[in-house]
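target-v9.pdb follows (PDB, C-alpha atoms (C1' of nucleotides)):
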ATOM      1  CA  MET A   1       0.000   0.000   0.000
ATOM      2  CA  GLY A   2       2.804   2.364  -0.827
ATOM      3  CA  ILE A   3       4.332   2.169   2.609
ATOM      4  CA  THR A   4       7.401   0.067   3.174
ATOM      5  CA  LYS A   5       6.878  -2.691   5.735
ATOM      6  CA  THR A   6       9.901  -1.607   7.726
ATOM      7  CA  ALA A   7       8.935  -3.561  10.822
ATOM      8  CA  ASN A   8       9.135  -6.857   8.966
ATOM      9  CA  PHE A   9      12.806  -6.500   8.181
ATOM     10  CA  THR A  10      15.932  -6.472  10.310
ATOM     11  CA  VAL A  11      17.559  -3.290  11.580
ATOM     12  CA  GLU A  12      20.529  -3.971   9.328
ATOM     13  CA  GLN A  13      18.343  -4.421   6.271
ATOM     14  CA  ASN A  14      16.564  -1.159   6.982
ATOM     15  CA  GLU A  15      19.800   0.714   7.629
ATOM     16  CA  LEU A  16      21.380  -0.466   4.401
ATOM     17  CA  ALA A  17      18.209   0.363   2.487
ATOM     18  CA  ILE A  18      18.132   3.883   3.928
ATOM     19  CA  LEU A  19      21.745   4.464   2.921
ATOM     20  CA  ALA A  20      21.222   3.082  -0.576
ATOM     21  CA  LYS A  21      18.018   5.025  -1.000
ATOM     22  CA  ALA A  22      19.782   8.236  -0.041
ATOM     23  CA  MET A  23      22.189   7.603  -2.908
ATOM     24  CA  GLY A  24      19.332   6.722  -5.245
ATOM     25  CA  HIS A  25      19.009  10.051  -6.982
ATOM     26  CA  PRO A  26      21.297  11.581  -9.607
ATOM     27  CA  ALA A  27      21.406  14.921  -7.802
ATOM     28  CA  ARG A  28      22.618  13.231  -4.645
ATOM     29  CA  ILE A  29      25.199  11.234  -6.593
ATOM     30  CA  ALA A  30      26.314  14.522  -8.156
ATOM     31  CA  ILE A  31      26.689  16.107  -4.720
ATOM     32  CA  ILE A  32      28.836  13.207  -3.513
ATOM     33  CA  GLN A  33      30.952  13.319  -6.670
ATOM     34  CA  TYR A  34      31.466  17.051  -6.294
ATOM     35  CA  LEU A  35      32.563  16.686  -2.690
ATOM     36  CA  ILE A  36      35.139  14.136  -3.823
ATOM     37  CA  LYS A  37      36.261  16.243  -6.775
ATOM     38  CA  VAL A  38      37.009  19.400  -4.847
ATOM     39  CA  ASN A  39      38.722  17.250  -2.238
ATOM     40  CA  SER A  40      37.892  19.510   0.654
ATOM     41  CA  CYS A  41      35.003  20.842   2.601
ATOM     42  CA  ILE A  42      32.984  23.142   0.430
ATOM     43  CA  CYS A  43      31.115  26.112   1.712
ATOM     44  CA  GLY A  44      28.200  27.538  -0.194
ATOM     45  CA  GLU A  45      29.062  26.419  -3.695
ATOM     46  CA  ILE A  46      26.813  23.456  -4.220
ATOM     47  CA  VAL A  47      23.863  25.509  -5.407
ATOM     48  CA  ASN A  48      25.883  26.770  -8.378
ATOM     49  CA  GLU A  49      27.013  23.283  -9.304
ATOM     50  CA  LEU A  50      23.660  21.601  -9.768
ATOM     51  CA  PRO A  51      20.841  22.144 -12.267
ATOM     52  CA  LEU A  52      18.222  22.457  -9.547
ATOM     53  CA  ALA A  53      16.679  25.239  -7.523
ATOM     54  CA  GLN A  54      18.075  26.111  -4.115
ATOM     55  CA  PRO A  55      15.202  24.656  -2.045
ATOM     56  CA  THR A  56      15.489  21.376  -3.925
ATOM     57  CA  ILE A  57      19.204  21.142  -3.268
ATOM     58  CA  SER A  58      18.667  21.996   0.364
ATOM     59  CA  GLN A  59      16.247  19.079   0.540
ATOM     60  CA  HIS A  60      18.722  16.679  -1.097
ATOM     61  CA  LEU A  61      21.477  17.804   1.270
ATOM     62  CA  LYS A  62      19.166  17.165   4.202
ATOM     63  CA  GLU A  63      18.494  13.627   3.020
ATOM     64  CA  LEU A  64      22.170  12.866   2.608
ATOM     65  CA  LYS A  65      22.818  14.303   6.059
ATOM     66  CA  ASN A  66      20.005  12.312   7.688
ATOM     67  CA  ALA A  67      21.359   9.127   6.150
ATOM     68  CA  GLY A  68      24.819   9.868   7.544
ATOM     69  CA  LEU A  69      26.488  10.246   4.159
ATOM     70  CA  ILE A  70      27.510  13.888   4.523
ATOM     71  CA  LYS A  71      28.028  16.257   7.406
ATOM     72  CA  GLY A  72      27.812  20.024   7.473
ATOM     73  CA  ASN A  73      28.921  22.720   9.887
ATOM     74  CA  PHE A  74      28.340  26.439   9.927
ATOM     75  CA  GLU A  75      31.349  28.363   8.726
ATOM     76  CA  GLY A  76      30.553  32.056   8.752
ATOM     77  CA  ASN A  77      27.254  32.575   6.996
ATOM     78  CA  ALA A  78      27.664  29.525   4.818
ATOM     79  CA  ILE A  79      27.618  25.824   5.630
ATOM     80  CA  CYS A  80      30.631  23.671   5.073
ATOM     81  CA  TYR A  81      29.885  20.200   3.740
ATOM     82  CA  CYS A  82      31.947  17.059   3.373
ATOM     83  CA  LEU A  83      31.468  13.319   3.197
ATOM     84  CA  ASP A  84      30.679  11.496   6.411
ATOM     85  CA  GLU A  85      32.615   8.304   7.023
ATOM     86  CA  ASN A  86      29.897   6.879   9.243
ATOM     87  CA  GLY A  87      27.419   6.137   6.512
ATOM     88  CA  PHE A  88      29.918   5.027   3.928
ATOM     89  CA  SER A  89      31.677   2.543   6.182
ATOM     90  CA  LYS A  90      28.377   0.753   6.761
ATOM     91  CA  ILE A  91      27.740   0.267   3.074
ATOM     92  CA  LYS A  92      31.361  -0.545   2.436
ATOM     93  CA  HIS A  93      31.158  -3.680   4.540
ATOM     94  CA  PHE A  94      28.050  -4.808   2.735
ATOM     95  CA  PHE A  95      29.767  -4.441  -0.619
ATOM     96  CA  GLN A  96      32.821  -6.286   0.614
ATOM     97  CA  HIS A  97      30.489  -9.080   1.580
ATOM     98  CA  ILE A  98      28.893  -9.102  -1.858
ATOM     99  CA  ASP A  99      32.255  -8.899  -3.530
ATOM    100  CA  SER A 100      33.800 -11.867  -1.799
ATOM    101  CA  HIS A 101      30.676 -13.855  -2.639
ATOM    102  CA  LEU A 102      30.899 -12.954  -6.312
ATOM    103  CA  GLU A 103      34.591 -13.781  -6.449
ATOM    104  CA  SER A 104      34.129 -17.163  -4.819
ATOM    105  CA  LYS A 105      31.356 -18.080  -7.253
ATOM    106  CA  ASN A 106      33.545 -16.913 -10.126
ATOM    107  CA  ASN A 107      30.414 -16.211 -12.125
ATOM    108  CA  GLN A 108      29.725 -19.887 -12.674
ATOM    109  CA  CYS A 109      26.182 -19.398 -11.557
ATOM    110  CA  CYS A 110      23.050 -19.427 -13.753
TER     111      CYS A 110
ATOM    112  CA  MET B   1       7.201  18.055  -9.389
ATOM    113  CA  GLY B   2       7.894  14.549  -8.266
ATOM    114  CA  ILE B   3       9.766  13.638 -11.410
ATOM    115  CA  THR B   4      13.514  13.353 -11.355
ATOM    116  CA  LYS B   5      15.263  15.663 -13.806
ATOM    117  CA  THR B   6      17.218  12.827 -15.328
ATOM    118  CA  ALA B   7      18.204  14.756 -18.447
ATOM    119  CA  ASN B   8      20.109  17.310 -16.401
ATOM    120  CA  PHE B   9      22.578  14.802 -15.042
ATOM    121  CA  THR B  10      25.305  12.688 -16.615
ATOM    122  CA  VAL B  11      24.751   9.112 -17.765
ATOM    123  CA  GLU B  12      27.068   7.923 -15.008
ATOM    124  CA  GLN B  13      25.170   9.836 -12.342
ATOM    125  CA  ASN B  14      21.888   8.373 -13.526
ATOM    126  CA  GLU B  15      23.308   4.842 -13.723
ATOM    127  CA  LEU B  16      24.703   4.979 -10.217
ATOM    128  CA  ALA B  17      21.457   6.437  -8.915
ATOM    129  CA  ILE B  18      19.434   3.652 -10.547
ATOM    130  CA  LEU B  19      21.663   1.008  -8.988
ATOM    131  CA  ALA B  20      21.534   2.609  -5.551
ATOM    132  CA  LYS B  21      17.815   3.134  -5.796
ATOM    133  CA  ALA B  22      17.305  -0.524  -6.623
ATOM    134  CA  MET B  23      19.063  -1.354  -3.360
ATOM    135  CA  GLY B  24      17.046   1.246  -1.494
ATOM    136  CA  HIS B  25      14.394  -1.040  -0.048
ATOM    137  CA  PRO B  26      14.764  -3.514   2.832
ATOM    138  CA  ALA B  27      13.057  -6.294   0.870
ATOM    139  CA  ARG B  28      15.571  -5.926  -1.937
ATOM    140  CA  ILE B  29      18.461  -5.868   0.529
ATOM    141  CA  ALA B  30      16.991  -9.034   2.056
ATOM    142  CA  ILE B  31      16.880 -10.699  -1.350
ATOM    143  CA  ILE B  32      20.525  -9.848  -2.002
ATOM    144  CA  GLN B  33      21.529 -11.080   1.459
ATOM    145  CA  TYR B  34      19.654 -14.326   0.941
ATOM    146  CA  LEU B  35      21.340 -14.945  -2.400
ATOM    147  CA  ILE B  36      24.692 -14.495  -0.686
ATOM    148  CA  LYS B  37      23.727 -16.664   2.273
ATOM    149  CA  VAL B  38      22.656 -19.716   0.300
ATOM    150  CA  ASN B  39      25.759 -19.260  -1.834
ATOM    151  CA  SER B  40      24.210 -20.679  -4.975
ATOM    152  CA  CYS B  41      21.506 -19.988  -7.455
ATOM    153  CA  ILE B  42      18.177 -20.405  -5.827
ATOM    154  CA  CYS B  43      15.113 -21.613  -7.601
ATOM    155  CA  GLY B  44      11.687 -20.766  -6.331
ATOM    156  CA  GLU B  45      12.428 -20.279  -2.662
ATOM    157  CA  ILE B  46      12.469 -16.535  -2.312
ATOM    158  CA  VAL B  47       8.736 -16.224  -1.768
ATOM    159  CA  ASN B  48       8.968 -18.330   1.390
ATOM    160  CA  GLU B  49      11.840 -16.263   2.732
ATOM    161  CA  LEU B  50      10.263 -12.830   2.748
ATOM    162  CA  PRO B  51       7.358 -11.362   4.705
ATOM    163  CA  LEU B  52       5.627 -10.121   1.570
ATOM    164  CA  ALA B  53       3.060 -11.444  -0.873
ATOM    165  CA  GLN B  54       4.161 -13.169  -4.048
ATOM    166  CA  PRO B  55       3.247 -10.345  -6.457
ATOM    167  CA  THR B  56       5.169  -7.864  -4.343
ATOM    168  CA  ILE B  57       8.258 -10.037  -4.357
ATOM    169  CA  SER B  58       7.939 -10.554  -8.082
ATOM    170  CA  GLN B  59       7.959  -6.792  -8.456
ATOM    171  CA  HIS B  60      11.068  -6.372  -6.290
ATOM    172  CA  LEU B  61      12.867  -9.095  -8.238
ATOM    173  CA  LYS B  62      11.999  -7.312 -11.463
ATOM    174  CA  GLU B  63      13.488  -4.078 -10.184
ATOM    175  CA  LEU B  64      16.704  -5.765  -9.123
ATOM    176  CA  LYS B  65      16.895  -7.469 -12.500
ATOM    177  CA  ASN B  66      16.252  -4.264 -14.448
ATOM    178  CA  ALA B  67      19.005  -2.547 -12.516
ATOM    179  CA  GLY B  68      21.428  -5.361 -13.337
ATOM    180  CA  LEU B  69      21.890  -6.513  -9.757
ATOM    181  CA  ILE B  70      20.469 -10.017 -10.166
ATOM    182  CA  LYS B  71      19.881 -12.337 -13.073
ATOM    183  CA  GLY B  72      17.385 -15.145 -13.415
ATOM    184  CA  ASN B  73      17.007 -18.045 -15.800
ATOM    185  CA  PHE B  74      14.272 -20.598 -16.217
ATOM    186  CA  GLU B  75      15.164 -23.917 -14.662
ATOM    187  CA  GLY B  76      12.265 -26.270 -15.166
ATOM    188  CA  ASN B  77       9.130 -24.525 -14.041
ATOM    189  CA  ALA B  78      10.927 -22.322 -11.545
ATOM    190  CA  ILE B  79      13.320 -19.434 -12.056
ATOM    191  CA  CYS B  80      16.845 -19.606 -10.836
ATOM    192  CA  TYR B  81      18.206 -16.361  -9.419
ATOM    193  CA  CYS B  82      21.674 -15.199  -8.493
ATOM    194  CA  LEU B  83      23.606 -11.970  -8.164
ATOM    195  CA  ASP B  84      24.693 -10.231 -11.339
ATOM    196  CA  GLU B  85      28.270  -9.015 -11.410
ATOM    197  CA  ASN B  86      27.472  -6.325 -13.961
ATOM    198  CA  GLY B  87      25.562  -4.054 -11.644
ATOM    199  CA  PHE B  88      27.712  -4.601  -8.618
ATOM    200  CA  SER B  89      30.996  -3.899 -10.395
ATOM    201  CA  LYS B  90      29.687  -0.478 -11.417
ATOM    202  CA  ILE B  91      28.870   0.536  -7.870
ATOM    203  CA  LYS B  92      32.010  -1.072  -6.559
ATOM    204  CA  HIS B  93      34.181   1.357  -8.479
ATOM    205  CA  PHE B  94      32.225   4.294  -7.165
ATOM    206  CA  PHE B  95      32.721   3.134  -3.596
ATOM    207  CA  GLN B  96      36.403   2.576  -4.164
ATOM    208  CA  HIS B  97      36.546   6.153  -5.358
ATOM    209  CA  ILE B  98      34.765   7.373  -2.245
ATOM    210  CA  ASP B  99      36.913   5.221  -0.038
ATOM    211  CA  SER B 100      40.232   6.453  -1.315
ATOM    212  CA  HIS B 101      38.975  10.003  -0.897
ATOM    213  CA  LEU B 102      37.953   9.387   2.697
ATOM    214  CA  GLU B 103      41.257   7.739   3.508
ATOM    215  CA  SER B 104      43.293  10.546   2.014
ATOM    216  CA  LYS B 105      41.353  13.155   3.966
ATOM    217  CA  ASN B 106      41.813  11.086   7.131
ATOM    218  CA  ASN B 107      38.629  12.614   8.482
ATOM    219  CA  GLN B 108      40.302  15.952   9.125
ATOM    220  CA  CYS B 109      37.505  17.734   7.384
ATOM    221  CA  CYS B 110      34.765  19.864   9.021
TER     222      CYS B 110
ATOM    223  C1'  DT C   1      20.330  48.856  12.518
ATOM    224  C1'  DT C   2      19.825  47.965   7.725
ATOM    225  C1'  DT C   3      21.100  45.260   3.896
ATOM    226  C1'  DA C   4      22.965  41.452   1.514
ATOM    227  C1'  DT C   5      23.970  36.578   1.459
ATOM    228  C1'  DT C   6      23.129  31.899   2.487
ATOM    229  C1'  DT C   7      20.432  28.115   3.851
ATOM    230  C1'  DA C   8      15.977  26.150   5.683
ATOM    231  C1'  DT C   9      11.061  25.534   5.820
ATOM    232  C1'  DC C  10       6.276  25.594   4.161
ATOM    233  C1'  DG C  11       2.896  24.593   0.941
ATOM    234  C1'  DT C  12       1.579  22.323  -2.972
ATOM    235  C1'  DA C  13       1.365  20.045  -7.611
ATOM    236  C1'  DA C  14       3.055  16.262 -10.333
ATOM    237  C1'  DT C  15       4.702  11.861 -10.309
ATOM    238  C1'  DA C  16       6.642   7.483  -8.336
ATOM    239  C1'  DT C  17       6.660   3.664  -5.159
ATOM    240  C1'  DT C  18       4.759   0.042  -2.335
ATOM    241  C1'  DG C  19       1.695  -3.668  -1.538
ATOM    242  C1'  DC C  20      -1.735  -6.895  -2.577
ATOM    243  C1'  DA C  21      -5.989  -9.321  -4.496
ATOM    244  C1'  DA C  22      -7.316 -11.104  -8.638
ATOM    245  C1'  DT C  23      -5.969 -13.049 -12.545
ATOM    246  C1'  DA C  24      -2.989 -14.533 -16.297
ATOM    247  C1'  DT C  25       0.846 -17.139 -18.120
ATOM    248  C1'  DA C  26       4.073 -20.878 -18.604
ATOM    249  C1'  DA C  27       6.172 -25.148 -17.777
ATOM    250  C1'  DA C  28       6.040 -29.825 -15.534
ATOM    251  C1'  DT C  29       3.574 -33.714 -14.460
ATOM    252  C1'  DA C  30      -0.212 -36.862 -14.048
TER     253       DA C  30
ATOM    254  C1'  DT D   1      -5.598 -32.908 -21.953
ATOM    255  C1'  DA D   2      -6.204 -31.534 -17.207
ATOM    256  C1'  DT D   3      -3.896 -30.372 -13.078
ATOM    257  C1'  DT D   4      -0.398 -28.583 -10.373
ATOM    258  C1'  DT D   5       3.295 -25.385  -9.409
ATOM    259  C1'  DA D   6       5.843 -21.152 -10.062
ATOM    260  C1'  DT D   7       6.083 -16.619 -11.610
ATOM    261  C1'  DA D   8       4.218 -12.391 -13.970
ATOM    262  C1'  DT D   9       0.834  -8.848 -14.903
ATOM    263  C1'  DT D  10      -3.072  -5.833 -14.032
ATOM    264  C1'  DG D  11      -5.477  -2.601 -11.415
ATOM    265  C1'  DC D  12      -5.880   0.096  -7.637
ATOM    266  C1'  DA D  13      -5.425   2.346  -2.962
ATOM    267  C1'  DA D  14      -2.201   4.318   0.285
ATOM    268  C1'  DT D  15       1.814   6.695   0.765
ATOM    269  C1'  DA D  16       6.355   8.777  -0.575
ATOM    270  C1'  DT D  17       9.305  11.545  -3.474
ATOM    271  C1'  DT D  18      10.612  15.363  -6.356
ATOM    272  C1'  DA D  19      10.628  20.063  -7.485
ATOM    273  C1'  DC D  20       9.952  24.813  -6.790
ATOM    274  C1'  DG D  21       7.887  29.482  -5.508
ATOM    275  C1'  DA D  22       7.311  32.053  -1.549
ATOM    276  C1'  DT D  23       8.997  33.059   2.590
ATOM    277  C1'  DA D  24      11.542  32.620   6.909
ATOM    278  C1'  DA D  25      15.723  32.464   9.630
ATOM    279  C1'  DA D  26      20.458  33.326  10.571
ATOM    280  C1'  DT D  27      24.794  35.378  10.000
ATOM    281  C1'  DA D  28      28.063  38.889   7.902
ATOM    282  C1'  DA D  29      29.002  43.173   6.408
ATOM    283  C1'  DA D  30      27.960  47.975   5.633
TER     284       DA D  30
END
Translate the structure described by the file into structure tokens.
Amino acid sequence: MGITKTANFTVEQNELAILAKAMGHPARIAIIQYLIKVNSCICGEIVNELPLAQPTISQHLKELKNAGLIKGNFEGNAICYCLDENGFSKIKHFFQHIDSHLESKNNQCC
Amino acid sequence: MGITKTANFTVEQNELAILAKAMGHPARIAIIQYLIKVNSCICGEIVNELPLAQPTISQHLKELKNAGLIKGNFEGNAICYCLDENGFSKIKHFFQHIDSHLESKNNQCC
DNA sequence: TTTATTTATCGTAATATTGCAATATAAATA
DNA sequence: TATTTATATTGCAATATTACGATAAATAAA
């Protein structure tokens, strides 16, 4: 009925889904890529980098922040954003898990 | 307006977003985890493993397949599913990119 | 204090997702 | 062929997401 049955899944499954979902939009991928590209905290430049209106970007930043994928601190009258290790380390382990499975099967499946 | 402005982002950004989005639901994480756990193709057992109705699971499997995260082949009158390297290798590279960035910054940011 | 700059929030329209009952399809088996 | 078993599709209701204009809030600078 359009609402995810969160309660029927494990905490881990829900956490991973929240993290993946937060990355499930091209604007949010673009934000992450930009933070990597400039290789530093960036303060008040994201709005100029994306083809979206300021309120929309603010909303995307909020989602990334809630998921634990970025963090932001006030720096003067702007906000300084960078990637947050917390979120990424959780997904990282999941992908390592997947990866070792795929390597051990050596694609002999199906 | 509820529709993602796909055309305003790069092909890579859209591809990564589609892959992440496909993983952005606990049921789909559960499917991936189960495929890893049994460590083989599985034929016609997924419906018993998840707390969702058969049509709902069918829909989730379709989304994972469309994204390139699982593949399924007919095996008798059941379908045999396993993880698809194609999708996962694309995300893997993105995470490696993120990871080397995070390590080089050594969390000194913000 | 006033003004400019930056980011957040509210409200709302358009669209997408989730879930399932009902039903259809397809292959295996009796 | 008829039946069983497994999966897909359709249709729909409930809810979530995306996007943005208008506006608010918060800080810096004049």
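Take CA of Arg28 in chain B and CA of His60 in chain B: the distance between them is 6.3 Å.
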Enclose all atoms of range 7-11 of chain D listed in the file in an axis-aligned box, grow every side by 5 Å, and hand back centre and edge lengths in Å to one decimal, as lines of an AutoDock Vina configuration file.
center_x = 0.3
center_y = -9.6
center_z = -13.2
size_x = 21.6
size_y = 24.0
size_z = 13.5
After fit on chain A (all C-alpha, ordered pairs), chain B as a JSON list (two decimals) with C-alpha atoms, in the frame of the given file:
[["chain", "number", "residue", "atom", "x", "y", "z"],
["B", 1, "MET", "CA", 0.01, 0.22, -0.12],
["B", 2, "GLY", "CA", 2.91, 2.45, -0.91],
["B", 3, "ILE", "CA", 4.38, 2.19, 2.55],
["B", 4, "THR", "CA", 7.43, 0.07, 3.15],
["B", 5, "LYS", "CA", 6.91, -2.67, 5.73],
["B", 6, "THR", "CA", 9.92, -1.58, 7.72],
["B", 7, "ALA", "CA", 8.94, -3.51, 10.85],
["B", 8, "ASN", "CA", 9.15, -6.81, 9.01],
["B", 9, "PHE", "CA", 12.83, -6.48, 8.23],
["B", 10, "THR", "CA", 15.96, -6.43, 10.37],
["B", 11, "VAL", "CA", 17.58, -3.23, 11.61],
["B", 12, "GLU", "CA", 20.55, -3.92, 9.36],
["B", 13, "GLN", "CA", 18.35, -4.39, 6.30],
["B", 14, "ASN", "CA", 16.56, -1.13, 6.99],
["B", 15, "GLU", "CA", 19.82, 0.75, 7.63],
["B", 16, "LEU", "CA", 21.38, -0.45, 4.41],
["B", 17, "ALA", "CA", 18.22, 0.36, 2.49],
["B", 18, "ILE", "CA", 18.14, 3.89, 3.92],
["B", 19, "LEU", "CA", 21.75, 4.47, 2.91],
["B", 20, "ALA", "CA", 21.23, 3.08, -0.58],
["B", 21, "LYS", "CA", 18.02, 5.01, -1.00],
["B", 22, "ALA", "CA", 19.77, 8.23, -0.07],
["B", 23, "MET", "CA", 22.18, 7.58, -2.93],
["B", 24, "GLY", "CA", 19.33, 6.69, -5.26],
["B", 25, "HIS", "CA", 18.98, 10.04, -7.00],
["B", 26, "PRO", "CA", 21.29, 11.55, -9.63],
["B", 27, "ALA", "CA", 21.39, 14.91, -7.83],
["B", 28, "ARG", "CA", 22.61, 13.23, -4.66],
["B", 29, "ILE", "CA", 25.19, 11.23, -6.60],
["B", 30, "ALA", "CA", 26.30, 14.52, -8.17],
["B", 31, "ILE", "CA", 26.68, 16.10, -4.75],
["B", 32, "ILE", "CA", 28.82, 13.20, -3.54],
["B", 33, "GLN", "CA", 30.94, 13.32, -6.70],
["B", 34, "TYR", "CA", 31.45, 17.05, -6.32],
["B", 35, "LEU", "CA", 32.56, 16.69, -2.71],
["B", 36, "ILE", "CA", 35.12, 14.14, -3.86],
["B", 37, "LYS", "CA", 36.24, 16.25, -6.81],
["B", 38, "VAL", "CA", 36.99, 19.42, -4.88],
["B", 39, "ASN", "CA", 38.72, 17.27, -2.28],
["B", 40, "SER", "CA", 37.89, 19.53, 0.63],
["B", 41, "CYS", "CA", 34.98, 20.83, 2.57],
["B", 42, "ILE", "CA", 32.97, 23.13, 0.43],
["B", 43, "CYS", "CA", 31.09, 26.09, 1.73],
["B", 44, "GLY", "CA", 28.16, 27.49, -0.15],
["B", 45, "GLU", "CA", 29.04, 26.42, -3.66],
["B", 46, "ILE", "CA", 26.79, 23.45, -4.22],
["B", 47, "VAL", "CA", 23.84, 25.51, -5.40],
["B", 48, "ASN", "CA", 25.86, 26.81, -8.35],
["B", 49, "GLU", "CA", 26.99, 23.32, -9.30],
["B", 50, "LEU", "CA", 23.65, 21.63, -9.78],
["B", 51, "PRO", "CA", 20.84, 22.17, -12.28],
["B", 52, "LEU", "CA", 18.22, 22.48, -9.56],
["B", 53, "ALA", "CA", 16.68, 25.26, -7.52],
["B", 54, "GLN", "CA", 18.06, 26.12, -4.11],
["B", 55, "PRO", "CA", 15.20, 24.64, -2.06],
["B", 56, "THR", "CA", 15.47, 21.37, -3.95],
["B", 57, "ILE", "CA", 19.18, 21.14, -3.29],
["B", 58, "SER", "CA", 18.64, 21.98, 0.35],
["B", 59, "GLN", "CA", 16.24, 19.05, 0.51],
["B", 60, "HIS", "CA", 18.72, 16.65, -1.12],
["B", 61, "LEU", "CA", 21.46, 17.78, 1.26],
["B", 62, "LYS", "CA", 19.15, 17.13, 4.18],
["B", 63, "GLU", "CA", 18.48, 13.60, 2.99],
["B", 64, "LEU", "CA", 22.16, 12.84, 2.59],
["B", 65, "LYS", "CA", 22.81, 14.26, 6.04],
["B", 66, "ASN", "CA", 19.99, 12.29, 7.67],
["B", 67, "ALA", "CA", 21.34, 9.11, 6.13],
["B", 68, "GLY", "CA", 24.81, 9.85, 7.51],
["B", 69, "LEU", "CA", 26.48, 10.23, 4.14],
["B", 70, "ILE", "CA", 27.52, 13.88, 4.50],
["B", 71, "LYS", "CA", 28.03, 16.23, 7.39],
["B", 72, "GLY", "CA", 27.82, 20.00, 7.46],
["B", 73, "ASN", "CA", 28.94, 22.64, 9.91],
["B", 74, "PHE", "CA", 28.37, 26.36, 10.00],
["B", 75, "GLU", "CA", 31.38, 28.30, 8.81],
["B", 76, "GLY", "CA", 30.55, 31.97, 8.95],
["B", 77, "ASN", "CA", 27.26, 32.49, 7.21],
["B", 78, "ALA", "CA", 27.68, 29.50, 4.94],
["B", 79, "ILE", "CA", 27.62, 25.79, 5.68],
["B", 80, "CYS", "CA", 30.62, 23.65, 5.09],
["B", 81, "TYR", "CA", 29.87, 20.19, 3.74],
["B", 82, "CYS", "CA", 31.95, 17.06, 3.35],
["B", 83, "LEU", "CA", 31.46, 13.32, 3.17],
["B", 84, "ASP", "CA", 30.68, 11.48, 6.38],
["B", 85, "GLU", "CA", 32.64, 8.31, 6.99],
["B", 86, "ASN", "CA", 29.92, 6.87, 9.21],
["B", 87, "GLY", "CA", 27.44, 6.15, 6.47],
["B", 88, "PHE", "CA", 29.93, 5.04, 3.89],
["B", 89, "SER", "CA", 31.70, 2.56, 6.16],
["B", 90, "LYS", "CA", 28.39, 0.77, 6.75],
["B", 91, "ILE", "CA", 27.73, 0.27, 3.06],
["B", 92, "LYS", "CA", 31.35, -0.51, 2.40],
["B", 93, "HIS", "CA", 31.17, -3.64, 4.51],
["B", 94, "PHE", "CA", 28.07, -4.79, 2.72],
["B", 95, "PHE", "CA", 29.77, -4.42, -0.64],
["B", 96, "GLN", "CA", 32.83, -6.24, 0.58],
["B", 97, "HIS", "CA", 30.51, -9.05, 1.57],
["B", 98, "ILE", "CA", 28.91, -9.08, -1.86],
["B", 99, "ASP", "CA", 32.26, -8.88, -3.55],
["B", 100, "SER", "CA", 33.81, -11.83, -1.80],
["B", 101, "HIS", "CA", 30.71, -13.84, -2.63],
["B", 102, "LEU", "CA", 30.92, -12.95, -6.30],
["B", 103, "GLU", "CA", 34.60, -13.77, -6.44],
["B", 104, "SER", "CA", 34.16, -17.14, -4.79],
["B", 105, "LYS", "CA", 31.38, -18.08, -7.19],
["B", 106, "ASN", "CA", 33.55, -16.95, -10.10],
["B", 107, "ASN", "CA", 30.39, -16.24, -12.06],
["B", 108, "GLN", "CA", 29.69, -19.93, -12.60],
["B", 109, "CYS", "CA", 26.16, -19.47, -11.46],
["B", 110, "CYS", "CA", 23.01, -19.52, -13.66]]
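Atom to atom, C1' of DA22 in chain C and CA of Gln54 in chain B stand 12.5 Å apart.
Those residues returned by the PyMOL selection byres ((chain B) within 6 of (chain A)) for this file are B:Gln13, B:Asn14, B:Ala17, B:Ala20, B:Lys21, B:Met23, B:Gly24, B:His25, B:Pro26, B:Ile29.
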### Message
Here's the selection I'm unsure about, the PyMOL selection byres ((chain D and resi 28) around 10); applied to the file above, which residues does it give, as a PyMOL selection string?
### Response
(chain A and resi 76-78) or (chain C and resi 4-5) or (chain D and resi 26-27+29-30)
### Message
Can you spell out as a ChimeraX atom specification the set of residues that the PyMOL selection byres ((chain C and resi 8-21) around 8) selects in the structure I just provided?
### Response
/A:1-4,55,58 /B:1-3,53,55-56 /C:7,22 /D:15-18,24-25
Selected residues, C-alpha atoms (C1' of nucleotides), written as a PDB file, in the coordinates of the input, please.
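Written output follows (part.pdb):
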ATOM      1  CA  MET A   1       0.000   0.000   0.000  1.00  0.00           C
ATOM      2  CA  GLY A   2       2.804   2.364  -0.827  1.00  0.00           C
ATOM      3  CA  ILE A   3       4.332   2.169   2.609  1.00  0.00           C
ATOM      4  CA  THR A   4       7.401   0.067   3.174  1.00  0.00           C
ATOM      5  CA  PRO A  55      15.202  24.656  -2.045  1.00  0.00           C
ATOM      6  CA  SER A  58      18.667  21.996   0.364  1.00  0.00           C
TER       7      SER A  58
ATOM      8  CA  MET B   1       7.201  18.055  -9.389  1.00  0.00           C
ATOM      9  CA  GLY B   2       7.894  14.549  -8.266  1.00  0.00           C
ATOM     10  CA  ILE B   3       9.766  13.638 -11.410  1.00  0.00           C
ATOM     11  CA  ALA B  53       3.060 -11.444  -0.873  1.00  0.00           C
ATOM     12  CA  PRO B  55       3.247 -10.345  -6.457  1.00  0.00           C
ATOM     13  CA  THR B  56       5.169  -7.864  -4.343  1.00  0.00           C
TER      14      THR B  56
ATOM     15  C1'  DT C   7      20.432  28.115   3.851  1.00  0.00           C
ATOM     16  C1'  DA C  22      -7.316 -11.104  -8.638  1.00  0.00           C
TER      17       DA C  22
ATOM     18  C1'  DT D  15       1.814   6.695   0.765  1.00  0.00           C
ATOM     19  C1'  DA D  16       6.355   8.777  -0.575  1.00  0.00           C
ATOM     20  C1'  DT D  17       9.305  11.545  -3.474  1.00  0.00           C
ATOM     21  C1'  DT D  18      10.612  15.363  -6.356  1.00  0.00           C
ATOM     22  C1'  DA D  24      11.542  32.620   6.909  1.00  0.00           C
ATOM     23  C1'  DA D  25      15.723  32.464   9.630  1.00  0.00           C
TER      24       DA D  25
END
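Closest approach to DT7 in chain D among B:Glu49, B:Asn66, B:Leu61, B:Val38 is made by B:Leu61 (distances from all atoms listed in the file).
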